[in-house]
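Read the structure below first, then the notes.
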Amino acid sequence: MVRTIILMVILVLLFMFVGNAIAGEQGMMIAFLMACGMNFFSYFFSDKLVLKHYKATEVTAQSEPRLYSIVARLAKTADLPMPKVYIIPDPVPNAFATGRNPNNAAVAATQGLLKILSDNEIEGVLAHEMSHVKHYDILIGSVAAVFAGAIAMLANVARYNAVAERESSNNRRQSGIGGIIAVVLMPIAATIIQMSISRTREYKADEGAARLTRHPEWLMSALAKLEDYAKNYRMQKATSQTAHMFIINPFSGLGSLSGLFSTHPSTKDRLARLEELKKEL
């Protein structure tokens, strides 16, 4: 919760600064009101937006007994409320959790995950997601997804606005500076949001999954398979704004340079930590 509040405050201040650079005090006030509205909206509705973006379909014990029963068993073991369960129509195996708290959580898995992984491996993946739910990681992830998307959109608006001002205004230098500030700072802010989702939360969720199932090797096997697929195939609707939500970065295939800006630790490091935990358990 503290991380979420800090993130919201930083974004409000950034929005106000850029608004002031573009349109003075009036722009700063508009930006402040916009940021407040986005904070409210993302807290209550970001999970629905993410699920809608990936065309996730809610399933029940009757329509998808295999997936639903695994989630139900994990929820009972972890002493958590039963989350809603969704399937994403994508052949690339991956999964994420979303929602503002355990009472309003949802767990989503792709069709590829169900097709490619064994029941034990699926349980390892979903235990990882349930660990996120238990530690409220999903709240900050949902807030970040909405803010990052909005920042990218506003950067494009500012870019076009700066071009229009340069064409119509005699004071090209002043309008250009305001446009450059907006266009440069907005994408940087989006990157800050992504990096603010600490890589340690993935390590902790891996550990939580291992302790929940008592079988770290299940998650280890699943991570190895998911990483292999992510390097060769990309999810159809994957976006950089929501990549941090998944158990494996959907953009792993972009190369080593992308790892510098990834919110996920390397799968190699995750497997090494799980191997150590396996010895302990």
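Residue names in the structure tokens use chain letters A, B, ... in the order shown, residue numbers from 1 in each chain, and ligand numbers from 1 in the order shown.
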
Got a sec: who's within 9 Å of range 90-94 of chain A, counting only C-alpha atoms, leaving out chain neighbours fewer than 4 positions off, as a compact mmCIF listing (two decimals) with N, CA, C and O atoms, in the first residue's frame?
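Written output follows (out.txt):
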```
# COMPACT_ATOMS: atom_id res chain seq x y z
N TYR A 54 -7.15 -8.08 -22.98
CA TYR A 54 -6.70 -9.40 -23.41
C TYR A 54 -7.85 -10.34 -23.76
O TYR A 54 -7.63 -11.53 -23.97
N ALA A 108 -5.78 -15.00 -14.32
CA ALA A 108 -6.00 -15.28 -15.74
C ALA A 108 -4.85 -16.11 -16.30
O ALA A 108 -3.68 -15.84 -16.04
N ALA A 109 -5.19 -17.11 -17.07
CA ALA A 109 -4.20 -17.97 -17.74
C ALA A 109 -4.54 -18.06 -19.22
O ALA A 109 -5.72 -18.03 -19.60
N THR A 110 -3.52 -18.14 -20.06
CA THR A 110 -3.76 -18.26 -21.49
C THR A 110 -4.14 -19.70 -21.84
O THR A 110 -3.86 -20.64 -21.09
N GLN A 111 -4.76 -19.85 -23.00
CA GLN A 111 -5.08 -21.19 -23.49
C GLN A 111 -3.80 -22.01 -23.69
O GLN A 111 -3.78 -23.22 -23.46
N GLY A 112 -2.75 -21.31 -24.11
CA GLY A 112 -1.48 -22.00 -24.31
C GLY A 112 -0.92 -22.61 -23.04
O GLY A 112 -0.32 -23.68 -23.06
N LEU A 113 -1.13 -21.93 -21.91
CA LEU A 113 -0.66 -22.44 -20.63
C LEU A 113 -1.32 -23.77 -20.31
O LEU A 113 -0.65 -24.72 -19.87
N LEU A 114 -2.62 -23.86 -20.54
CA LEU A 114 -3.36 -25.08 -20.24
C LEU A 114 -2.99 -26.21 -21.19
O LEU A 114 -3.03 -27.39 -20.82
N LYS A 115 -2.62 -25.85 -22.40
CA LYS A 115 -2.30 -26.86 -23.41
C LYS A 115 -0.91 -27.41 -23.24
O LYS A 115 -0.67 -28.62 -23.46
N ILE A 116 0.04 -26.56 -22.84
CA ILE A 116 1.45 -26.93 -22.87
C ILE A 116 1.94 -27.49 -21.52
O ILE A 116 2.79 -28.39 -21.49
N LEU A 117 1.40 -26.97 -20.42
CA LEU A 117 1.91 -27.38 -19.10
C LEU A 117 1.11 -28.54 -18.52
O LEU A 117 -0.07 -28.72 -18.80
N VAL A 125 2.56 -22.31 -11.41
CA VAL A 125 2.34 -20.97 -11.97
C VAL A 125 1.24 -20.24 -11.22
O VAL A 125 1.39 -19.06 -10.85
N LYS A 225 9.79 -23.67 -19.41
CA LYS A 225 8.97 -23.81 -20.61
C LYS A 225 8.42 -22.46 -21.07
O LYS A 225 8.44 -22.14 -22.27
N LEU A 226 7.93 -21.66 -20.13
CA LEU A 226 7.35 -20.36 -20.47
C LEU A 226 8.40 -19.42 -21.06
O LEU A 226 8.12 -18.68 -22.01
N TYR A 229 9.13 -20.37 -24.69
CA TYR A 229 8.07 -19.92 -25.61
C TYR A 229 8.10 -18.41 -25.79
O TYR A 229 7.91 -17.89 -26.89
N ALA A 230 8.37 -17.68 -24.71
CA ALA A 230 8.38 -16.22 -24.78
C ALA A 230 9.51 -15.72 -25.68
O ALA A 230 9.40 -14.65 -26.29
N TYR A 233 7.95 -16.79 -29.32
CA TYR A 233 6.61 -16.36 -29.71
C TYR A 233 6.17 -15.21 -28.81
O TYR A 233 6.49 -15.18 -27.63
N ARG A 234 5.42 -14.28 -29.39
CA ARG A 234 4.93 -13.15 -28.61
C ARG A 234 3.41 -13.20 -28.53
O ARG A 234 2.73 -13.51 -29.51
N MET A 235 2.90 -12.88 -27.35
CA MET A 235 1.45 -12.84 -27.18
C MET A 235 0.84 -11.80 -28.13
O MET A 235 1.42 -10.74 -28.37
N GLN A 236 -0.33 -12.12 -28.65
CA GLN A 236 -0.95 -11.31 -29.70
C GLN A 236 -1.24 -9.88 -29.26
O GLN A 236 -1.07 -8.94 -30.02
N LYS A 237 -1.66 -9.70 -28.02
CA LYS A 237 -2.08 -8.37 -27.57
C LYS A 237 -1.17 -7.81 -26.47
O LYS A 237 -1.55 -6.90 -25.74
N PHE A 246 2.63 -10.16 -16.00
CA PHE A 246 2.71 -11.58 -16.32
C PHE A 246 3.83 -12.27 -15.56
O PHE A 246 4.82 -11.65 -15.15
N ILE A 247 3.71 -13.58 -15.40
CA ILE A 247 4.72 -14.34 -14.68
C ILE A 247 6.03 -14.38 -15.47
O ILE A 247 7.12 -14.41 -14.89
N ILE A 248 5.94 -14.35 -16.80
CA ILE A 248 7.11 -14.24 -17.68
C ILE A 248 6.91 -13.04 -18.59
O ILE A 248 5.83 -12.84 -19.15
N ASN A 249 7.94 -12.22 -18.74
CA ASN A 249 7.86 -11.04 -19.60
C ASN A 249 7.52 -11.46 -21.03
O ASN A 249 8.27 -12.22 -21.64
N PRO A 250 6.40 -10.98 -21.58
CA PRO A 250 6.02 -11.36 -22.95
C PRO A 250 7.01 -10.90 -24.01
O PRO A 250 6.96 -11.37 -25.15
```

Pairwise distance for CA of Thr213 in chain A and CA of Arg273 in chain A, rounded to one decimal in Å
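So the answer is 16.0 Å.
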